[in-house]
file target39.tsv (TSV, C-alpha atoms)
chain	number	residue	atom	x	y	z
K	200	MET	CA	64.11	131.50	147.35
K	201	LEU	CA	60.81	132.80	146.10
K	202	GLY	CA	58.73	131.48	143.23
K	203	PRO	CA	59.55	131.89	139.55
K	204	ARG	CA	57.32	134.89	139.08
K	205	GLY	CA	59.00	137.72	140.72
K	206	GLY	CA	60.85	137.30	144.02
K	207	ALA	CA	64.43	136.64	144.76
K	208	ALA	CA	64.47	133.78	142.25
K	209	ASN	CA	64.82	136.10	139.30
K	210	GLY	CA	66.46	139.06	141.00
K	211	ASN	CA	63.35	141.24	140.98
K	212	SER	CA	62.31	143.28	143.99
K	213	PRO	CA	58.68	143.74	145.06
K	214	ALA	CA	56.54	146.25	143.19
K	215	PRO	CA	56.37	148.77	146.10
K	216	LEU	CA	60.17	149.02	146.15
K	217	LYS	CA	60.25	149.57	142.40
K	218	ALA	CA	57.60	152.27	142.70
K	219	ALA	CA	59.57	153.93	145.50
K	220	ARG	CA	62.75	153.93	143.41
K	221	PHE	CA	60.84	155.40	140.50
K	222	ALA	CA	59.32	158.08	142.74
K	223	ARG	CA	62.79	159.10	143.95
K	224	ASN	CA	63.84	159.80	140.36
K	225	LYS	CA	62.96	163.50	140.02
K	226	LEU	CA	63.46	163.57	136.27
K	227	ALA	CA	61.17	160.58	135.78
K	228	MET	CA	58.50	162.12	138.00
K	229	ALA	CA	58.76	165.38	136.07
K	230	GLY	CA	58.32	163.41	132.83
K	231	LEU	CA	55.28	161.65	134.26
K	232	ALA	CA	53.78	164.99	135.33
K	233	VAL	CA	54.35	166.45	131.84
K	234	LEU	CA	52.75	163.41	130.22
K	235	VAL	CA	49.69	163.58	132.48
K	236	LEU	CA	49.29	167.29	131.75
K	237	PHE	CA	49.41	166.68	128.00
K	238	LEU	CA	46.92	163.82	128.25
K	239	LEU	CA	44.53	166.11	130.13
K	240	PHE	CA	45.20	168.93	127.68
K	241	CYS	CA	44.51	166.83	124.58
K	242	PHE	CA	41.65	164.65	125.79
K	243	VAL	CA	39.88	166.77	128.42
K	244	GLY	CA	40.81	170.19	127.05
K	245	PRO	CA	38.43	170.06	124.03
K	246	LEU	CA	35.53	169.52	126.43
K	247	VAL	CA	36.37	172.81	128.14
K	248	TYR	CA	37.69	174.80	125.19
K	249	SER	CA	35.42	173.82	122.30
K	250	THR	CA	36.44	174.85	118.76
K	251	ASP	CA	35.51	173.95	115.19
K	252	GLN	CA	38.46	172.16	113.60
K	253	THR	CA	36.60	170.99	110.49
K	254	HIS	CA	35.20	174.09	108.76
K	255	THR	CA	37.24	177.06	107.58
K	256	ASP	CA	36.55	180.66	108.61
K	257	LEU	CA	38.24	183.06	106.21
K	258	SER	CA	37.24	186.05	108.31
K	259	GLN	CA	39.49	184.80	111.14
K	260	VAL	CA	42.62	184.03	109.14
K	261	ASN	CA	46.10	184.42	110.71
K	262	LEU	CA	44.95	186.31	113.80
K	263	ALA	CA	47.57	186.93	116.48
K	264	PRO	CA	47.04	185.49	119.97
K	265	GLY	CA	44.40	187.42	121.89
K	266	SER	CA	41.41	187.07	124.16
K	267	ALA	CA	39.25	185.52	121.43
K	268	HIS	CA	41.91	183.06	120.30
K	269	TRP	CA	44.54	182.41	122.95
K	270	LEU	CA	47.10	181.04	120.48
K	271	GLY	CA	45.82	182.86	117.41
K	272	THR	CA	44.47	181.25	114.25
K	273	ASP	CA	46.02	179.57	111.22
K	274	ALA	CA	45.80	180.21	107.47
K	275	VAL	CA	42.23	178.89	107.20
K	276	GLY	CA	40.85	180.37	110.41
K	277	HIS	CA	41.20	177.39	112.74
K	278	ASP	CA	41.76	178.25	116.40
K	279	GLN	CA	45.37	177.26	117.04
K	280	LEU	CA	44.90	176.25	120.68
K	281	GLY	CA	42.01	173.98	119.77
K	282	ARG	CA	44.04	172.58	116.88
K	283	LEU	CA	46.93	171.88	119.23
K	284	MET	CA	44.57	169.79	121.35
K	285	TYR	CA	43.07	168.04	118.34
K	286	GLY	CA	46.45	167.35	116.73
K	287	GLY	CA	47.89	166.19	120.03
K	288	LYS	CA	45.11	163.67	120.46
K	289	ILE	CA	45.99	162.06	117.12
K	290	SER	CA	49.75	162.23	117.77
K	291	LEU	CA	49.44	160.63	121.19
K	292	LEU	CA	46.94	157.96	120.12
K	293	VAL	CA	48.97	156.97	117.07
K	294	GLY	CA	52.24	157.05	119.01
K	295	LEU	CA	50.87	155.02	121.93
K	296	ALA	CA	49.16	152.44	119.73
K	297	ALA	CA	52.12	152.08	117.34
K	298	GLY	CA	54.63	151.83	120.18
K	299	LEU	CA	52.60	149.17	121.95
K	300	LEU	CA	52.05	147.22	118.71
K	301	ALA	CA	55.77	147.31	117.93
K	302	THR	CA	56.55	146.13	121.47
K	303	VAL	CA	54.08	143.24	121.25
K	304	ILE	CA	55.44	142.06	117.89
K	305	GLY	CA	59.05	142.43	119.03
K	306	THR	CA	58.37	140.68	122.34
K	307	LEU	CA	56.81	137.62	120.71
K	308	TRP	CA	59.47	137.44	118.01
K	309	GLY	CA	62.37	137.80	120.45
K	310	ALA	CA	60.91	135.34	122.96
K	311	VAL	CA	60.41	132.64	120.33
K	312	ALA	CA	63.87	133.22	118.80
K	313	GLY	CA	65.67	133.15	122.14
K	314	TYR	CA	63.79	130.13	123.41
K	315	ALA	CA	64.11	128.06	120.23
K	316	CYS	CA	67.82	128.71	119.61
K	317	GLY	CA	69.55	126.77	116.85
K	318	TRP	CA	68.66	127.40	113.23
K	319	VAL	CA	65.30	128.94	114.15
K	320	ASP	CA	67.02	131.63	116.19
K	321	ALA	CA	69.63	132.16	113.45
K	322	VAL	CA	66.99	132.68	110.73
K	323	MET	CA	64.75	134.89	112.85
K	324	MET	CA	67.59	137.13	113.99
K	325	ARG	CA	68.98	137.47	110.46
K	326	VAL	CA	65.56	138.87	109.54
K	327	VAL	CA	65.94	141.35	112.40
K	328	ASP	CA	69.47	142.30	111.33
K	329	ALA	CA	68.30	142.87	107.75
K	330	GLY	CA	65.42	145.02	108.96
K	331	ILE	CA	67.63	147.13	111.22
K	332	ALA	CA	69.94	147.80	108.28
K	333	ILE	CA	67.09	149.63	106.50
K	334	PRO	CA	66.11	152.95	108.18
K	335	ALA	CA	62.58	152.75	109.55
K	336	LEU	CA	61.88	156.31	108.41
K	337	PHE	CA	62.71	155.40	104.80
K	338	ILE	CA	60.31	152.44	104.84
K	339	LEU	CA	57.64	154.56	106.49
K	340	LEU	CA	57.97	157.33	103.89
K	341	VAL	CA	57.79	154.91	100.97
K	342	VAL	CA	54.75	153.06	102.30
K	343	SER	CA	53.00	156.31	103.30
K	344	ALA	CA	53.56	157.76	99.83
K	345	ILE	CA	52.05	154.65	98.20
K	346	THR	CA	49.09	154.01	100.50
K	347	ASP	CA	48.16	157.51	101.81
K	348	PRO	CA	47.34	156.10	105.27
K	349	GLY	CA	45.03	157.49	107.93
K	350	PRO	CA	45.72	157.24	111.67
K	351	LEU	CA	44.98	153.50	111.75
K	352	GLY	CA	47.23	152.91	108.76
K	353	LEU	CA	50.04	154.83	110.43
K	354	VAL	CA	49.69	152.69	113.54
K	355	VAL	CA	50.02	149.48	111.52
K	356	ILE	CA	52.93	150.76	109.42
K	357	LEU	CA	54.82	152.10	112.44
K	358	GLY	CA	54.24	148.90	114.37
K	359	VAL	CA	55.53	146.77	111.51
K	360	VAL	CA	58.72	148.80	110.99
K	361	SER	CA	59.56	149.51	114.66
K	362	TRP	CA	59.53	146.10	116.39
K	363	LEU	CA	63.13	145.16	115.64
K	364	VAL	CA	64.92	146.68	118.65
K	365	PRO	CA	62.46	145.28	121.26
K	366	SER	CA	62.87	141.83	119.70
K	367	ARG	CA	66.63	141.88	120.31
K	368	LEU	CA	66.18	143.03	123.91
K	369	VAL	CA	63.61	140.33	124.69
K	370	ARG	CA	65.70	137.65	122.95
K	371	ALA	CA	68.68	138.51	125.15
K	372	GLU	CA	66.48	138.29	128.26
K	373	THR	CA	65.00	134.99	127.08
K	374	LEU	CA	68.43	133.43	126.57
K	375	THR	CA	69.13	134.10	130.25
K	376	LEU	CA	65.76	133.01	131.60
K	377	LYS	CA	65.41	129.74	129.65
K	378	SER	CA	68.21	128.16	131.69
K	379	ARG	CA	66.57	128.95	135.05
K	380	ASP	CA	65.53	126.02	137.25
K	381	TYR	CA	61.80	126.71	137.06
K	382	VAL	CA	61.84	126.61	133.24
K	383	LEU	CA	63.94	123.44	133.17
K	384	THR	CA	61.61	121.84	135.73
K	385	LEU	CA	58.55	122.68	133.64
K	386	ARG	CA	60.12	121.12	130.57
K	387	ALA	CA	61.16	118.03	132.57
K	388	ILE	CA	57.58	117.34	133.68
K	389	GLY	CA	56.26	117.64	130.13
K	390	GLY	CA	55.29	121.31	129.94
K	391	THR	CA	54.97	122.69	126.42
K	392	HIS	CA	57.19	125.32	124.87
K	393	GLY	CA	54.24	127.73	124.69
K	394	ARG	CA	53.56	127.28	128.40
K	395	ALA	CA	57.22	127.90	129.23
K	396	ILE	CA	57.21	131.14	127.24
K	397	GLY	CA	53.79	132.32	128.40
K	398	ARG	CA	54.05	131.31	132.07
K	399	HIS	CA	57.70	132.04	132.81
K	400	ILE	CA	59.72	133.73	130.08
K	401	LEU	CA	57.38	136.66	129.32
K	402	PRO	CA	56.27	137.38	132.93
K	403	ASN	CA	59.90	137.50	134.05
K	404	SER	CA	60.84	139.74	131.11
K	405	VAL	CA	58.27	142.37	132.06
K	406	SER	CA	60.88	144.93	133.14
K	407	THR	CA	62.61	144.78	129.77
K	408	ILE	CA	59.30	144.90	127.93
K	409	VAL	CA	57.91	147.88	129.87
K	410	VAL	CA	61.07	149.94	129.46
K	411	ALA	CA	61.26	149.10	125.75
K	412	ALA	CA	57.63	150.14	125.30
K	413	THR	CA	58.21	153.65	126.66
K	414	PHE	CA	61.08	154.28	124.27
K	415	GLN	CA	59.11	152.78	121.37
K	416	ILE	CA	56.23	155.17	122.04
K	417	ALA	CA	58.59	158.15	122.05
K	418	ASP	CA	60.15	157.00	118.77
K	419	ALA	CA	56.71	156.45	117.22
K	420	ILE	CA	55.57	159.97	118.11
K	421	LEU	CA	58.71	161.35	116.45
K	422	LEU	CA	58.22	159.21	113.35
K	423	VAL	CA	54.61	160.36	113.03
K	424	ALA	CA	55.80	163.96	113.27
K	425	TYR	CA	58.46	163.37	110.60
K	426	VAL	CA	56.02	161.82	108.15
K	427	SER	CA	53.31	164.43	108.73
K	428	TYR	CA	55.85	167.24	108.42
K	429	LEU	CA	56.63	165.94	104.94
K	430	GLY	CA	52.93	165.88	104.07
K	431	LEU	CA	52.53	162.08	104.09
K	432	GLY	CA	50.72	161.67	107.40
K	433	VAL	CA	47.05	162.15	108.24
K	434	GLN	CA	45.29	164.30	105.67
K	435	PRO	CA	43.25	167.52	106.23
K	436	PRO	CA	41.00	168.39	107.90
K	437	ALA	CA	42.62	165.97	110.36
K	438	THR	CA	46.05	166.92	111.61
K	439	ASP	CA	48.72	166.10	114.16
K	440	TRP	CA	51.59	168.07	115.62
K	441	GLY	CA	53.89	167.25	112.69
K	442	GLY	CA	51.24	168.42	110.24
K	443	MET	CA	50.84	171.65	112.20
K	444	LEU	CA	54.59	172.24	111.95
K	445	SER	CA	54.48	171.68	108.21
K	446	ALA	CA	51.50	174.00	107.75
K	447	GLY	CA	53.05	176.77	109.85
K	448	LEU	CA	56.59	176.64	108.53
K	449	THR	CA	56.26	179.28	105.81
K	450	ALA	CA	54.08	181.46	108.02
K	451	ALA	CA	56.82	181.52	110.66
K	452	TYR	CA	59.01	183.53	108.29
K	453	SER	CA	56.29	186.19	108.32
K	454	GLY	CA	56.43	186.49	112.08
K	455	ARG	CA	53.47	184.22	112.87
K	456	TRP	CA	55.42	182.26	115.49
K	457	TRP	CA	52.26	180.91	117.12
K	458	LEU	CA	51.80	178.52	114.19
K	459	ILE	CA	55.06	176.65	114.74
K	460	VAL	CA	56.37	177.18	118.30
K	461	PRO	CA	53.49	175.50	120.23
K	462	PRO	CA	53.42	172.21	118.22
K	463	GLY	CA	57.22	172.10	118.17
K	464	LEU	CA	57.41	172.50	121.95
K	465	ALA	CA	54.65	169.92	122.41
K	466	ILE	CA	56.58	167.30	120.43
K	467	ILE	CA	59.81	168.01	122.31
K	468	LEU	CA	58.17	167.93	125.74
K	469	VAL	CA	56.18	164.73	125.16
K	470	VAL	CA	59.11	162.83	123.64
K	471	CYS	CA	61.42	163.98	126.46
K	472	ALA	CA	58.74	162.97	128.99
K	473	PHE	CA	58.51	159.42	127.62
K	474	ASN	CA	62.31	159.13	127.53
K	475	ALA	CA	62.56	160.35	131.14
K	476	ILE	CA	59.88	157.85	132.20
K	477	GLY	CA	61.73	155.09	130.38
K	478	ASP	CA	64.99	155.99	132.12
K	479	GLY	CA	63.21	156.05	135.47
K	480	LEU	CA	61.61	152.65	134.87
K	481	ARG	CA	64.94	151.19	133.80
K	482	ASP	CA	66.58	152.42	137.00
K	483	ALA	CA	63.66	151.18	139.09
K	484	PHE	CA	63.78	147.67	137.65
K	485	ASP	CA	67.58	147.42	137.59
K	486	VAL	CA	68.74	146.02	140.93
K	487	LYS	CA	72.32	145.35	139.91
K	488	GLY	CA	74.74	146.88	142.33
K	489	ARG	CA	72.04	147.55	144.93
K	490	ALA	CA	72.32	146.28	148.44

call {"tool": "encode", "arguments": {"input": "target39.tsv", "output": "structure tokens"}}
result
Amino acid sequence: MLGPRGGAANGNSPAPLKAARFARNKLAMAGLAVLVLFLLFCFVGPLVYSTDQTHTDLSQVNLAPGSAHWLGTDAVGHDQLGRLMYGGKISLLVGLAAGLLATVIGTLWGAVAGYACGWVDAVMMRVVDAGIAIPALFILLVVSAITDPGPLGLVVILGVVSWLVPSRLVRAETLTLKSRDYVLTLRAIGGTHGRAIGRHILPNSVSTIVVAATFQIADAILLVAYVSYLGLGVQPPATDWGGMLSAGLTAAYSGRWWLIVPPGLAIILVVCAFNAIGDGLRDAFDVKGRA
């Protein structure tokens, strides 16, 4: 039997075997490749393809894709390819930060609830149940309409409304882990509750936490797109992919497809990529039924 941090004691296989299982998942690898390409496109692309996304140029309004502007221009003369990079940077940063914040909050809440049990667990999980009963998008729309948040505000709001599902997953994992011998031994020799959670419960819940984080990031990117599409996200001249969809919707009826198809495809591809990565990680960590 190996130690409490990751061998046979908790059913986890070594990291190289997990990586190999992940690499054999073609859909997950395709998702990872798509994600890397979009990260390069949004963060390295502006260094190669420099455009002005702040000032308007009314002489370059609504131009079709061509050699000067590969994806055309929008209603105020912004280069659409450059705007796709700029908007993608905000969408990815907000989605990543919000998803990670939601995962951190949910992890801590679920670990404490599952470890404490009793009335503490009952009260904490009733809070979670009440929160899940209210659609996160509704809360996000109401708060966004009141506060008019920027990117940082969206991260905080999304993190606060999206932590509920990870908390339930981590609580379920904690209920299993708290009865393991190494946790009981720590408590028997006088170890504190905080040490038990920090040294054993959370490290051995890493598979659940990592998988939950990938799905939370995908959900956060979608929620940002929803809010921005309704005009309650980041405000001009800043934009994200949802804001680009909103700005190009009416123009699409006039045949200017380049204003709506690229951001729409970007959202779909990135969200599908994160979901595929999450599925691949879940399969890589799940050793049930394996020889």

call {"tool": "residues_near_point", "arguments": {"input": "target39.tsv", "point": "(41.5, 182.8, 121.8)", "cutoff": "10 Å", "atoms": "only C-alpha atoms", "output": "PyMOL selection string"}}
result
chain K and resi 248+250+262-272+278-281

call {"tool": "atom_distance", "arguments": {"input": "target39.tsv", "atom1": "CA of Gly298 (chain K)", "atom2": "CA of Asn224 (chain K)"}}
result
23.6 Å

call {"tool": "closest_atom_pairs", "arguments": {"input": "target39.tsv", "of": "region 316-342 of chain K", "to": "region 430-453 of chain K", "cutoff": "10 Å", "atoms": "only C-alpha atoms", "output": "JSON lines"}}
result
{"residue": "K:Leu339", "atom": "CA", "partner": "K:Leu431", "partner_atom": "CA", "distance": 9.4}
{"residue": "K:Leu340", "atom": "CA", "partner": "K:Leu431", "partner_atom": "CA", "distance": 7.2}
{"residue": "K:Val341", "atom": "CA", "partner": "K:Leu431", "partner_atom": "CA", "distance": 9.4}
{"residue": "K:Val342", "atom": "CA", "partner": "K:Leu431", "partner_atom": "CA", "distance": 9.5}

call {"tool": "atom_distance", "arguments": {"input": "target39.tsv", "atom1": "CA of Val470 (chain K)", "atom2": "CA of Ala417 (chain K)"}}
result
5.0 Å

call {"tool": "residues_around", "arguments": {"input": "target39.tsv", "residues": "region 392-402 of chain K", "least_positions_apart": "3", "cutoff": "10 Å", "atoms": "all atoms listed in the file", "output": "number ranges by chain"}}
result
K: 203-205, 306-307, 310-311, 313-315, 369, 372-377, 379, 381-386, 389, 405-408

call {"tool": "closest_residue", "arguments": {"input": "target39.tsv", "among": "K:Val364, K:Leu216, K:Ile338, K:Leu257", "to": "Ala301 (chain K)", "atoms": "all atoms listed in the file"}}
result
K:Val364
